[in-house]
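For reference, structure.tsv is printed below; it contains TSV, C-alpha atoms (C1' of nucleotides).
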```tsv
chain	number	residue	atom	x	y	z
X	1	MET	CA	17.96	9.71	-18.11
X	2	PHE	CA	16.34	11.13	-15.01
X	3	SER	CA	15.93	7.85	-13.26
X	4	VAL	CA	17.47	9.29	-10.23
X	5	THR	CA	19.03	12.64	-10.80
X	6	SER	CA	19.14	15.72	-12.95
X	7	ALA	CA	21.17	15.86	-16.12
X	8	ALA	CA	21.50	19.58	-16.46
X	9	SER	CA	22.53	20.62	-13.00
X	10	ALA	CA	25.89	22.30	-12.72
X	11	SER	CA	25.87	23.19	-9.04
X	12	SER	CA	28.92	21.70	-7.38
X	13	ASP	CA	27.23	20.48	-4.21
X	14	GLU	CA	24.97	18.18	-6.18
X	15	PRO	CA	25.27	14.52	-5.30
X	16	ARG	CA	27.12	12.40	-7.85
X	17	TRP	CA	25.18	10.66	-10.57
X	18	LEU	CA	24.77	6.94	-10.28
X	19	ASP	CA	27.33	5.07	-12.33
X	20	ASP	CA	26.47	1.83	-14.15
X	21	ASP	CA	26.74	-0.57	-11.24
X	22	GLU	CA	24.98	1.83	-8.92
X	23	MET	CA	22.14	2.28	-11.35
X	24	ARG	CA	21.82	-1.47	-11.85
X	25	VAL	CA	21.54	-1.84	-8.09
X	26	TRP	CA	18.90	0.83	-7.72
X	27	ARG	CA	16.82	-0.31	-10.66
X	28	GLY	CA	17.29	-3.92	-9.68
X	29	PHE	CA	16.30	-3.13	-6.14
X	30	LEU	CA	13.06	-1.54	-7.28
X	31	GLU	CA	12.10	-4.36	-9.62
X	32	ALA	CA	13.32	-7.28	-7.55
X	33	THR	CA	11.73	-6.14	-4.30
X	34	GLU	CA	8.46	-5.45	-6.04
X	35	ARG	CA	8.42	-8.86	-7.71
X	36	VAL	CA	9.50	-10.76	-4.63
X	37	ASN	CA	6.85	-9.07	-2.53
X	38	GLN	CA	4.27	-9.83	-5.16
X	39	ALA	CA	5.22	-13.49	-5.33
X	40	ILE	CA	5.21	-13.91	-1.56
X	41	THR	CA	1.95	-12.02	-1.21
X	42	ASP	CA	0.25	-14.12	-3.86
X	43	GLY	CA	1.43	-17.29	-2.18
X	44	LEU	CA	0.08	-16.37	1.23
X	45	LYS	CA	-3.19	-15.33	-0.28
X	46	ASP	CA	-3.52	-18.72	-1.92
X	47	ALA	CA	-2.47	-20.56	1.22
X	48	ASP	CA	-4.85	-19.01	3.74
X	49	ASN	CA	-5.98	-15.65	2.41
X	50	LEU	CA	-3.35	-13.94	4.54
X	51	THR	CA	-1.36	-10.85	3.69
X	52	LEU	CA	2.35	-10.69	4.36
X	53	ASP	CA	1.57	-8.21	7.12
X	54	ASP	CA	-0.81	-10.72	8.69
X	55	TYR	CA	1.81	-13.41	8.48
X	56	GLU	CA	4.46	-11.23	10.06
X	57	VAL	CA	2.15	-10.45	12.96
X	58	LEU	CA	1.64	-14.16	13.56
X	59	VAL	CA	5.36	-14.87	13.28
X	60	HIS	CA	6.37	-12.21	15.77
X	61	LEU	CA	3.72	-13.26	18.23
X	62	SER	CA	4.66	-16.93	17.89
X	63	GLU	CA	8.28	-16.10	18.75
X	64	ALA	CA	7.45	-13.91	21.75
X	65	PRO	CA	7.34	-15.22	25.32
X	66	GLY	CA	3.79	-16.27	26.11
X	67	ARG	CA	3.03	-15.76	22.42
X	68	ARG	CA	2.01	-12.21	23.09
X	69	LEU	CA	3.41	-8.72	22.64
X	70	ARG	CA	2.43	-5.21	23.50
X	71	MET	CA	0.81	-3.42	20.61
X	72	SER	CA	3.51	-0.77	20.53
X	73	GLU	CA	6.30	-3.36	20.64
X	74	LEU	CA	4.69	-5.17	17.75
X	75	SER	CA	4.20	-2.07	15.65
X	76	ASP	CA	7.85	-1.13	16.24
X	77	ARG	CA	9.05	-4.51	15.08
X	78	LEU	CA	6.85	-4.54	12.01
X	79	LEU	CA	7.69	-0.93	11.15
X	80	HIS	CA	4.01	-0.20	11.01
X	81	SER	CA	2.07	2.73	12.39
X	82	GLN	CA	0.06	2.07	15.50
X	83	SER	CA	-3.22	2.69	13.76
X	84	ARG	CA	-2.26	0.27	11.03
X	85	LEU	CA	-1.53	-2.38	13.62
X	86	THR	CA	-4.72	-1.65	15.54
X	87	GLN	CA	-6.72	-2.39	12.45
X	88	ARG	CA	-4.68	-5.40	11.44
X	89	VAL	CA	-5.17	-6.92	14.87
X	90	ASP	CA	-8.88	-6.16	14.55
X	91	ARG	CA	-8.99	-8.18	11.35
X	92	LEU	CA	-6.90	-11.03	12.68
X	93	GLY	CA	-9.10	-10.99	15.77
X	94	ALA	CA	-12.22	-11.28	13.63
X	95	ARG	CA	-10.70	-14.46	12.17
X	96	GLY	CA	-9.92	-15.78	15.63
X	97	TYR	CA	-6.16	-15.81	15.06
X	98	VAL	CA	-5.33	-13.20	17.66
X	99	CYS	CA	-6.94	-11.66	20.71
X	100	ARG	CA	-6.28	-8.71	23.00
X	101	GLU	CA	-5.53	-8.66	26.71
X	102	LYS	CA	-5.30	-5.69	28.99
X	103	CYS	CA	-1.87	-5.04	30.44
X	104	PRO	CA	-1.94	-4.97	34.25
X	105	GLU	CA	1.39	-3.15	34.78
X	106	ASP	CA	0.51	-0.30	32.46
X	107	ARG	CA	-3.17	0.24	32.15
X	108	ARG	CA	-2.78	2.18	28.95
X	109	GLY	CA	-1.34	-0.91	27.36
X	110	THR	CA	-2.75	-3.84	25.42
X	111	PHE	CA	-1.26	-7.19	24.54
X	112	ALA	CA	-1.88	-8.83	21.21
X	113	CYS	CA	-1.98	-12.58	21.85
X	114	LEU	CA	-1.72	-15.43	19.40
X	115	THR	CA	-4.57	-17.90	19.78
X	116	ASP	CA	-4.19	-21.64	19.29
X	117	GLU	CA	-6.13	-21.20	16.10
X	118	GLY	CA	-3.72	-18.50	14.97
X	119	PHE	CA	-0.76	-20.72	15.80
X	120	ALA	CA	-2.29	-23.56	13.83
X	121	ALA	CA	-2.88	-21.25	10.88
X	122	LEU	CA	0.76	-20.21	11.00
X	123	GLU	CA	1.91	-23.82	11.14
X	124	ALA	CA	-0.27	-24.67	8.19
X	125	ALA	CA	0.79	-21.73	6.03
X	126	ALA	CA	4.49	-21.88	6.90
X	127	PRO	CA	5.61	-24.64	4.51
X	128	PHE	CA	3.94	-22.92	1.58
X	129	HIS	CA	5.42	-19.62	2.56
X	130	LEU	CA	8.87	-21.17	2.93
X	131	ARG	CA	8.59	-22.73	-0.48
X	132	ASP	CA	7.70	-19.32	-1.93
X	133	VAL	CA	10.53	-17.54	-0.14
X	134	ARG	CA	13.00	-20.08	-1.46
X	135	ALA	CA	11.64	-20.00	-4.97
X	136	ALA	CA	11.45	-16.23	-5.20
X	137	LEU	CA	14.68	-15.30	-3.49
X	138	ILE	CA	16.79	-17.63	-1.40
X	139	ASP	CA	17.32	-20.46	-3.86
X	140	GLN	CA	18.28	-17.97	-6.57
X	141	VAL	CA	21.31	-16.86	-4.60
X	142	GLU	CA	24.68	-18.64	-4.34
X	143	PRO	CA	26.14	-19.23	-0.89
X	144	GLU	CA	28.87	-16.58	-1.24
X	145	GLU	CA	26.28	-14.15	-2.52
X	146	LEU	CA	24.04	-14.92	0.43
X	147	ARG	CA	26.71	-13.72	2.83
X	148	VAL	CA	27.14	-10.49	0.92
X	149	LEU	CA	23.41	-9.88	0.83
X	150	ALA	CA	23.00	-10.60	4.52
X	151	THR	CA	25.79	-8.18	5.39
X	152	VAL	CA	24.50	-5.43	3.16
X	153	PHE	CA	20.86	-5.74	4.19
X	154	GLU	CA	21.80	-5.65	7.84
X	155	ARG	CA	24.08	-2.67	7.37
X	156	VAL	CA	21.47	-0.74	5.39
X	157	ALA	CA	18.72	-1.51	7.88
X	158	GLU	CA	20.97	-0.60	10.78
X	159	ARG	CA	21.92	2.78	9.35
X	160	LEU	CA	18.31	3.69	8.72
X	161	ARG	CA	17.22	2.77	12.23
X	162	GLU	CA	18.76	5.93	13.64
X	163	PRO	CA	18.16	8.65	11.07
X	164	ALA	CA	20.82	10.86	12.68
X	165	GLY	CA	23.42	8.07	12.50
Q	1	MET	CA	10.78	-19.97	15.22
Q	2	PHE	CA	8.13	-19.86	12.57
Q	3	SER	CA	9.53	-16.93	10.72
Q	4	VAL	CA	9.31	-18.85	7.59
Q	5	THR	CA	8.53	-22.47	8.11
Q	6	SER	CA	7.12	-25.07	10.40
Q	7	ALA	CA	9.15	-26.65	13.17
Q	8	ALA	CA	7.18	-29.79	13.64
Q	9	SER	CA	6.71	-30.97	10.12
Q	10	ALA	CA	8.17	-34.35	9.33
Q	11	SER	CA	6.88	-34.81	5.82
Q	12	SER	CA	9.79	-35.48	3.51
Q	13	ASP	CA	8.66	-33.26	0.64
Q	14	GLU	CA	8.74	-30.20	2.84
Q	15	PRO	CA	11.09	-27.48	1.71
Q	16	ARG	CA	14.28	-27.14	3.76
Q	17	TRP	CA	14.38	-24.73	6.66
Q	18	LEU	CA	16.33	-21.57	6.21
Q	19	ASP	CA	19.82	-21.85	7.65
Q	20	ASP	CA	21.50	-18.89	9.37
Q	21	ASP	CA	22.70	-17.02	6.31
Q	22	GLU	CA	19.45	-17.65	4.50
Q	23	MET	CA	17.43	-16.37	7.42
Q	24	ARG	CA	19.62	-13.30	7.73
Q	25	VAL	CA	18.98	-12.59	4.06
Q	26	TRP	CA	15.23	-12.98	4.34
Q	27	ARG	CA	14.88	-10.99	7.52
Q	28	GLY	CA	17.32	-8.42	6.26
Q	29	PHE	CA	15.45	-8.19	3.00
Q	30	LEU	CA	12.20	-7.46	4.80
Q	31	GLU	CA	13.62	-4.83	7.08
Q	32	ALA	CA	16.01	-3.18	4.65
Q	33	THR	CA	13.51	-2.87	1.82
Q	34	GLU	CA	10.90	-1.48	4.15
Q	35	ARG	CA	13.31	1.10	5.58
Q	36	VAL	CA	14.74	2.10	2.24
Q	37	ASN	CA	11.31	2.56	0.76
Q	38	GLN	CA	10.26	4.59	3.74
Q	39	ALA	CA	13.31	6.84	3.52
Q	40	ILE	CA	12.89	7.42	-0.20
Q	41	THR	CA	9.18	8.01	0.15
Q	42	ASP	CA	9.66	10.54	2.92
Q	43	GLY	CA	12.25	12.38	0.88
Q	44	LEU	CA	10.03	12.71	-2.17
Q	45	LYS	CA	7.15	13.85	-0.04
Q	46	ASP	CA	9.31	16.61	1.41
Q	47	ALA	CA	10.71	17.58	-1.97
Q	48	ASP	CA	7.48	18.00	-3.92
Q	49	ASN	CA	4.75	16.01	-2.22
Q	50	LEU	CA	5.31	13.17	-4.68
Q	51	THR	CA	5.04	9.48	-4.00
Q	52	LEU	CA	7.66	7.07	-5.30
Q	53	ASP	CA	5.02	5.82	-7.72
Q	54	ASP	CA	4.50	9.35	-9.00
Q	55	TYR	CA	8.23	9.79	-9.41
Q	56	GLU	CA	8.60	6.55	-11.29
Q	57	VAL	CA	5.85	7.56	-13.70
Q	58	LEU	CA	7.64	10.81	-14.42
Q	59	VAL	CA	10.98	9.01	-14.84
Q	60	HIS	CA	9.67	6.48	-17.30
Q	61	LEU	CA	7.87	9.11	-19.33
Q	62	SER	CA	10.93	11.36	-19.38
Q	63	GLU	CA	13.01	8.53	-20.81
Q	64	ALA	CA	10.49	7.52	-23.48
Q	65	PRO	CA	10.61	8.81	-27.05
Q	66	GLY	CA	8.42	11.90	-27.25
Q	67	ARG	CA	8.18	11.75	-23.47
Q	68	ARG	CA	5.07	9.64	-23.73
Q	69	LEU	CA	4.05	6.04	-23.32
Q	70	ARG	CA	0.96	3.96	-23.79
Q	71	MET	CA	-0.90	3.39	-20.54
Q	72	SER	CA	-0.46	-0.36	-20.77
Q	73	GLU	CA	3.25	-0.09	-21.53
Q	74	LEU	CA	3.66	2.16	-18.53
Q	75	SER	CA	1.72	-0.10	-16.18
Q	76	ASP	CA	3.80	-3.06	-17.36
Q	77	ARG	CA	7.04	-1.24	-16.64
Q	78	LEU	CA	5.91	-0.04	-13.23
Q	79	LEU	CA	4.46	-3.43	-12.32
Q	80	HIS	CA	1.19	-1.72	-11.50
Q	81	SER	CA	-2.33	-2.72	-12.34
Q	82	GLN	CA	-3.99	-0.75	-15.08
Q	83	SER	CA	-6.58	0.69	-12.74
Q	84	ARG	CA	-3.87	1.83	-10.38
Q	85	LEU	CA	-2.10	3.59	-13.22
Q	86	THR	CA	-5.32	5.13	-14.50
Q	87	GLN	CA	-5.84	6.77	-11.16
Q	88	ARG	CA	-2.23	7.77	-10.70
Q	89	VAL	CA	-2.26	9.48	-14.08
Q	90	ASP	CA	-5.51	11.18	-13.07
Q	91	ARG	CA	-3.80	12.62	-10.03
Q	92	LEU	CA	-0.64	13.63	-11.87
Q	93	GLY	CA	-2.89	15.17	-14.50
Q	94	ALA	CA	-4.70	17.20	-11.86
Q	95	ARG	CA	-1.32	18.65	-10.89
Q	96	GLY	CA	-0.50	19.41	-14.49
Q	97	TYR	CA	2.49	17.06	-14.61
Q	98	VAL	CA	1.03	14.66	-17.15
Q	99	CYS	CA	-1.68	14.64	-19.77
Q	100	ARG	CA	-3.41	12.08	-21.96
Q	101	GLU	CA	-3.50	11.82	-25.74
Q	102	LYS	CA	-5.59	9.49	-27.84
Q	103	CYS	CA	-3.64	6.94	-29.81
Q	104	PRO	CA	-4.42	7.18	-33.54
Q	105	GLU	CA	-3.13	3.72	-34.55
Q	106	ASP	CA	-5.19	1.91	-31.95
Q	107	ARG	CA	-8.27	3.75	-30.93
Q	108	ARG	CA	-8.57	1.78	-27.73
Q	109	GLY	CA	-5.26	3.18	-26.64
Q	110	THR	CA	-4.17	6.22	-24.68
Q	111	PHE	CA	-0.80	7.86	-24.27
Q	112	ALA	CA	0.33	9.32	-21.00
Q	113	CYS	CA	2.47	12.35	-21.81
Q	114	LEU	CA	4.87	14.26	-19.64
Q	115	THR	CA	4.17	18.00	-19.67
Q	116	ASP	CA	6.87	20.65	-19.47
Q	117	GLU	CA	5.69	21.32	-15.96
Q	118	GLY	CA	6.05	17.63	-15.13
Q	119	PHE	CA	9.51	17.56	-16.59
Q	120	ALA	CA	10.47	20.61	-14.56
Q	121	ALA	CA	9.12	19.00	-11.42
Q	122	LEU	CA	11.21	15.92	-12.11
Q	123	GLU	CA	14.32	18.03	-12.67
Q	124	ALA	CA	13.69	19.85	-9.44
Q	125	ALA	CA	13.07	16.77	-7.34
Q	126	ALA	CA	15.82	14.63	-8.85
Q	127	PRO	CA	18.81	15.93	-6.87
Q	128	PHE	CA	17.01	15.44	-3.59
Q	129	HIS	CA	15.89	12.01	-4.62
Q	130	LEU	CA	19.41	11.09	-5.71
Q	131	ARG	CA	20.79	12.24	-2.39
Q	132	ASP	CA	18.25	10.06	-0.60
Q	133	VAL	CA	18.96	7.02	-2.75
Q	134	ARG	CA	22.67	7.37	-2.07
Q	135	ALA	CA	22.21	7.93	1.64
Q	136	ALA	CA	19.74	5.10	2.13
Q	137	LEU	CA	21.31	2.46	-0.08
Q	138	ILE	CA	24.01	3.10	-2.64
Q	139	ASP	CA	26.62	4.82	-0.51
Q	140	GLN	CA	26.27	2.11	2.13
Q	141	VAL	CA	27.53	-0.52	-0.28
Q	142	GLU	CA	31.15	-1.23	-1.24
Q	143	PRO	CA	32.03	-1.46	-4.93
Q	144	GLU	CA	32.51	-5.26	-4.90
Q	145	GLU	CA	29.25	-5.61	-3.03
Q	146	LEU	CA	27.51	-3.42	-5.58
Q	147	ARG	CA	28.37	-5.87	-8.33
Q	148	VAL	CA	27.00	-8.78	-6.35
Q	149	LEU	CA	23.81	-6.92	-5.54
Q	150	ALA	CA	23.28	-5.88	-9.13
Q	151	THR	CA	23.75	-9.44	-10.34
Q	152	VAL	CA	21.45	-10.93	-7.75
Q	153	PHE	CA	18.70	-8.34	-8.12
Q	154	GLU	CA	18.71	-8.77	-11.88
Q	155	ARG	CA	18.65	-12.55	-11.62
Q	156	VAL	CA	15.83	-12.55	-9.10
Q	157	ALA	CA	13.76	-10.08	-11.09
Q	158	GLU	CA	14.39	-12.01	-14.29
Q	159	ARG	CA	13.25	-15.33	-12.82
Q	160	LEU	CA	10.06	-13.80	-11.52
Q	161	ARG	CA	9.17	-12.20	-14.82
Q	162	GLU	CA	8.12	-15.51	-16.27
Q	163	PRO	CA	6.38	-17.42	-13.49
Q	164	ALA	CA	6.71	-20.68	-15.36
Q	165	GLY	CA	10.45	-20.21	-15.87
D	1	DA	C1'	-18.05	-10.44	-44.07
D	2	DG	C1'	-19.40	-12.10	-39.50
D	3	DC	C1'	-18.55	-13.61	-35.03
D	4	DA	C1'	-15.95	-15.15	-30.86
D	5	DG	C1'	-12.40	-13.87	-28.15
D	6	DA	C1'	-8.69	-10.89	-26.74
D	7	DT	C1'	-6.92	-6.30	-25.52
D	8	DA	C1'	-6.99	-1.24	-23.79
D	9	DC	C1'	-8.60	1.57	-20.59
D	10	DT	C1'	-11.99	3.17	-17.13
D	11	DT	C1'	-15.25	2.80	-13.39
D	12	DC	C1'	-16.86	1.39	-9.02
D	13	DA	C1'	-17.27	-0.71	-4.48
D	14	DA	C1'	-14.77	-2.98	-0.96
D	15	DC	C1'	-10.90	-2.83	1.54
D	16	DG	C1'	-6.41	-1.01	3.60
D	17	DT	C1'	-3.27	2.89	4.98
D	18	DT	C1'	-2.22	7.46	6.60
D	19	DG	C1'	-1.97	10.94	9.77
D	20	DA	C1'	-4.27	13.95	12.85
D	21	DA	C1'	-7.11	14.17	16.89
D	22	DC	C1'	-8.77	12.03	21.01
D	23	DG	C1'	-9.18	9.87	25.79
D	24	DA	C1'	-6.79	7.56	29.22
D	25	DA	C1'	-2.75	6.60	31.98
D	26	DT	C1'	1.94	7.31	33.24
D	27	DA	C1'	6.35	10.02	33.88
D	28	DA	C1'	8.83	14.13	34.93
D	29	DT	C1'	9.23	18.41	37.06
D	30	DA	C1'	8.49	21.95	40.20
C	1	DT	C1'	1.05	17.21	45.20
C	2	DA	C1'	-0.08	19.85	41.22
C	3	DT	C1'	1.29	20.61	36.55
C	4	DT	C1'	2.92	19.58	32.33
C	5	DA	C1'	4.61	16.49	29.00
C	6	DT	C1'	4.79	12.01	27.10
C	7	DT	C1'	3.17	7.50	25.89
C	8	DC	C1'	-0.49	3.96	24.62
C	9	DG	C1'	-3.91	2.65	21.89
C	10	DT	C1'	-8.12	3.78	19.20
C	11	DT	C1'	-11.02	6.42	16.04
C	12	DC	C1'	-12.06	8.92	11.96
C	13	DA	C1'	-11.85	11.08	7.42
C	14	DA	C1'	-9.13	11.45	3.40
C	15	DC	C1'	-6.76	9.03	0.26
C	16	DG	C1'	-4.88	4.94	-2.43
C	17	DT	C1'	-5.21	0.03	-4.09
C	18	DT	C1'	-7.58	-4.08	-5.60
C	19	DG	C1'	-10.16	-6.72	-8.49
C	20	DA	C1'	-14.37	-7.41	-10.95
C	21	DA	C1'	-17.35	-5.47	-14.35
C	22	DG	C1'	-18.18	-2.40	-18.23
C	23	DT	C1'	-17.24	-0.07	-22.87
C	24	DA	C1'	-14.91	0.25	-26.96
C	25	DT	C1'	-11.85	-1.52	-30.27
C	26	DC	C1'	-9.10	-4.85	-32.45
C	27	DT	C1'	-7.60	-9.77	-34.00
C	28	DG	C1'	-8.20	-14.29	-35.56
C	29	DC	C1'	-11.01	-17.78	-37.40
C	30	DT	C1'	-14.51	-19.69	-40.43
```

The structure given in the file should be rewritten as structure tokens.
Amino acid sequence: MFSVTSAASASSDEPRWLDDDEMRVWRGFLEATERVNQAITDGLKDADNLTLDDYEVLVHLSEAPGRRLRMSELSDRLLHSQSRLTQRVDRLGARGYVCREKCPEDRRGTFACLTDEGFAALEAAAPFHLRDVRAALIDQVEPEELRVLATVFERVAERLREPAG
Amino acid sequence: MFSVTSAASASSDEPRWLDDDEMRVWRGFLEATERVNQAITDGLKDADNLTLDDYEVLVHLSEAPGRRLRMSELSDRLLHSQSRLTQRVDRLGARGYVCREKCPEDRRGTFACLTDEGFAALEAAAPFHLRDVRAALIDQVEPEELRVLATVFERVAERLREPAG
DNA sequence: AGCAGATACTTCAACGTTGAACGAATAATA
DNA sequence: TATTATTCGTTCAACGTTGAAGTATCTGCT
């Protein structure tokens, strides 16, 4: 009964309770996102002992010009703290998938660079990952539903980008 | 280009690439879920220094008969490992929000029980949490969209419950 | 009854994240 | 140019999760 709010409150500036559809969405969100993440994570672990965070680092680097990005740019895109990225790049570096280069224009800066080995690892893992993404999420959704989901996810993400918005 | 699959593969049993809508859903899923979780987590931390995991433990206990559940039942519902739950209940116990009781019918078993203090903490945090859930997700979604989301989330979660299904 | 295997929960070490503090370099202002 | 503030990335300690191993109890089979 308290899944998301208080039963007993009488104060008039309380937010509204969640109705049935709203509650289904919230509960469904919690379970579905947890299960999808678990499925994807398990798959990447099987494929090349990568985490989803690892994979996302490789993806973003592979799409960047010169296959490299500033550490801060990368942490922004991944929505990770800088220290988290520092340590992830350390680990990917230890595997030879990524290396660092000093940034000449801004000597505080560092580039994370995808190595050939890292690119190859991404190529090798990608089909398995794609299969998992389809099985867990995409192929479960009808085309009309896909458009709704895309719209909603983008709207929700957008609104949360600027907290004041 | 490798967000989810390999460009160069020619093998015919490869899964299909993601088309535009599919890619928007997958990317949107990753960003939106991350941002929503972050927003909700921040809110609970401000409200009572709780994590979302903590909150979910309190919610499930509050809804259970006698406000208590077996440890294994609780870890199943939360999709957490048993050791993770053991330690979460330790921490909630240290704050006085939860306690353990031995299970008489099965002497291997343990109940996690919500204390009055834990129930009060849940009541106090709930309105803030509800406000955050609405702001981050629910109030961003139109009624027709809500029904689609609910259906899809439930379908996706359902399919992933039984891996063989 | 006796025994093998399954289940419930905890413990522990290895690993990952968080968030504050730090050193270095740049930007903004006077 | 001096001064202050901001940004970039790393480090470190505290905390949380994972997954394997351990203990106790129960279930099913002979």

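For the pair atom CA of X:Gly118 and atom CA of Q:Arg16, the interatomic distance is 22.9 Å.
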
Q. Could you pull the residues within 9 Å of C:DT18, counting only C-alpha atoms (C1' of nucleotides), minus those fewer than 5 positions along the same chain, as an MDAnalysis selection string?
A. (chainID Q and resid 81 83:84) or (chainID D and resid 14:15)

Q: Report as a VMD selection string the set of chain D residues whose atoms approach chain Q to within 12 Å, with distances computed over only C-alpha atoms (C1' of nucleotides).
A: chain D and resid 7 to 12

Go ahead and write the residues just picked, C-alpha atoms (C1' of nucleotides), as a PDB file, in the coordinates of the input.
```pdb
ATOM      1  C1'  DT D   7      -6.920  -6.300 -25.520  1.00  0.00           C
ATOM      2  C1'  DA D   8      -6.990  -1.240 -23.790  1.00  0.00           C
ATOM      3  C1'  DC D   9      -8.600   1.570 -20.590  1.00  0.00           C
ATOM      4  C1'  DT D  10     -11.990   3.170 -17.130  1.00  0.00           C
ATOM      5  C1'  DT D  11     -15.250   2.800 -13.390  1.00  0.00           C
ATOM      6  C1'  DC D  12     -16.860   1.390  -9.020  1.00  0.00           C
TER       7       DC D  12
END
```

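You can rank Q:Ala64, Q:Leu85, Q:Val25, Q:Leu69 by their closest distance to chain C using all atoms listed in the file, and at the top of that list sits Q:Leu85.
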
Q. Which one of Q:Phe29, Q:Trp17, Q:Ala47, Q:Glu105 sits closest to chain C if you count all atoms listed in the file?
A. Q:Glu105

**Q.** atom CA of Q:Asp42 to atom C1' of D:DC22, distance in Å rounded to a single decimal
**A.**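 So the answer is 25.9 Å.
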
Q | Test item: residues at most 10 Å from Q:Glu144, all atoms listed in the file, excluding those fewer than 5 positions along its chain, as a list in words | A | Asp21 and Val148 of chain X; Leu149 of chain Q

Q: Find the spatial neighbours of C:DG28, counting all atoms listed in the file, within a cut-off of 10 Å - ignore same-chain residues fewer than 3 positions away - and output them as a list in words.
A: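 Residues meeting the cut-off are DA4, DG5 and DA6 of chain D.
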
Q: Could the residues of chain C within 10 Å of chain X, counting only C-alpha atoms (C1' of nucleotides), be given as a ChimeraX atom specification, please?
A: /C:7-11

Could you save those same residues with C-alpha atoms (C1' of nucleotides) as a CSV table (one decimal), in the frame of the given file?
```csv
chain,number,residue,atom,x,y,z
C,7,DT,C1',3.2,7.5,25.9
C,8,DC,C1',-0.5,4.0,24.6
C,9,DG,C1',-3.9,2.6,21.9
C,10,DT,C1',-8.1,3.8,19.2
C,11,DT,C1',-11.0,6.4,16.0
```

Q | Test item: chain Q residues at most 7 Å from chain X, counting all atoms listed in the file, as a ChimeraX atom specification | A | /Q:1-6,14-15,21-22,24-25,28-29,31-32,35,59,62-63,123,126-127,129-131,136-138,140-141,145-150,152-154,156-157,160

Write out the residues from the selection above, keeping C-alpha atoms, as a PDB file, in the coordinates of the input.
```
ATOM      1  CA  MET Q   1      10.780 -19.970  15.220  1.00  0.00           C
ATOM      2  CA  PHE Q   2       8.130 -19.860  12.570  1.00  0.00           C
ATOM      3  CA  SER Q   3       9.530 -16.930  10.720  1.00  0.00           C
ATOM      4  CA  VAL Q   4       9.310 -18.850   7.590  1.00  0.00           C
ATOM      5  CA  THR Q   5       8.530 -22.470   8.110  1.00  0.00           C
ATOM      6  CA  SER Q   6       7.120 -25.070  10.400  1.00  0.00           C
ATOM      7  CA  GLU Q  14       8.740 -30.200   2.840  1.00  0.00           C
ATOM      8  CA  PRO Q  15      11.090 -27.480   1.710  1.00  0.00           C
ATOM      9  CA  ASP Q  21      22.700 -17.020   6.310  1.00  0.00           C
ATOM     10  CA  GLU Q  22      19.450 -17.650   4.500  1.00  0.00           C
ATOM     11  CA  ARG Q  24      19.620 -13.300   7.730  1.00  0.00           C
ATOM     12  CA  VAL Q  25      18.980 -12.590   4.060  1.00  0.00           C
ATOM     13  CA  GLY Q  28      17.320  -8.420   6.260  1.00  0.00           C
ATOM     14  CA  PHE Q  29      15.450  -8.190   3.000  1.00  0.00           C
ATOM     15  CA  GLU Q  31      13.620  -4.830   7.080  1.00  0.00           C
ATOM     16  CA  ALA Q  32      16.010  -3.180   4.650  1.00  0.00           C
ATOM     17  CA  ARG Q  35      13.310   1.100   5.580  1.00  0.00           C
ATOM     18  CA  VAL Q  59      10.980   9.010 -14.840  1.00  0.00           C
ATOM     19  CA  SER Q  62      10.930  11.360 -19.380  1.00  0.00           C
ATOM     20  CA  GLU Q  63      13.010   8.530 -20.810  1.00  0.00           C
ATOM     21  CA  GLU Q 123      14.320  18.030 -12.670  1.00  0.00           C
ATOM     22  CA  ALA Q 126      15.820  14.630  -8.850  1.00  0.00           C
ATOM     23  CA  PRO Q 127      18.810  15.930  -6.870  1.00  0.00           C
ATOM     24  CA  HIS Q 129      15.890  12.010  -4.620  1.00  0.00           C
ATOM     25  CA  LEU Q 130      19.410  11.090  -5.710  1.00  0.00           C
ATOM     26  CA  ARG Q 131      20.790  12.240  -2.390  1.00  0.00           C
ATOM     27  CA  ALA Q 136      19.740   5.100   2.130  1.00  0.00           C
ATOM     28  CA  LEU Q 137      21.310   2.460  -0.080  1.00  0.00           C
ATOM     29  CA  ILE Q 138      24.010   3.100  -2.640  1.00  0.00           C
ATOM     30  CA  GLN Q 140      26.270   2.110   2.130  1.00  0.00           C
ATOM     31  CA  VAL Q 141      27.530  -0.520  -0.280  1.00  0.00           C
ATOM     32  CA  GLU Q 145      29.250  -5.610  -3.030  1.00  0.00           C
ATOM     33  CA  LEU Q 146      27.510  -3.420  -5.580  1.00  0.00           C
ATOM     34  CA  ARG Q 147      28.370  -5.870  -8.330  1.00  0.00           C
ATOM     35  CA  VAL Q 148      27.000  -8.780  -6.350  1.00  0.00           C
ATOM     36  CA  LEU Q 149      23.810  -6.920  -5.540  1.00  0.00           C
ATOM     37  CA  ALA Q 150      23.280  -5.880  -9.130  1.00  0.00           C
ATOM     38  CA  VAL Q 152      21.450 -10.930  -7.750  1.00  0.00           C
ATOM     39  CA  PHE Q 153      18.700  -8.340  -8.120  1.00  0.00           C
ATOM     40  CA  GLU Q 154      18.710  -8.770 -11.880  1.00  0.00           C
ATOM     41  CA  VAL Q 156      15.830 -12.550  -9.100  1.00  0.00           C
ATOM     42  CA  ALA Q 157      13.760 -10.080 -11.090  1.00  0.00           C
ATOM     43  CA  LEU Q 160      10.060 -13.800 -11.520  1.00  0.00           C
TER      44      LEU Q 160
END
```

**Q.** Polymer residues at most 12 Å from C:DC15, all atoms listed in the file, same-chain spacing of 6 or more positions, as a list in words
**A.**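 Contacts, with the query itself left out: Gln87, Arg88 and Arg91 of chain Q; DG16, DT17, DT18 and DG19 of chain D.
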
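Counting from atom CA of X:Lys102, the distance to atom C1' of C:DA13 is 28.1 Å.
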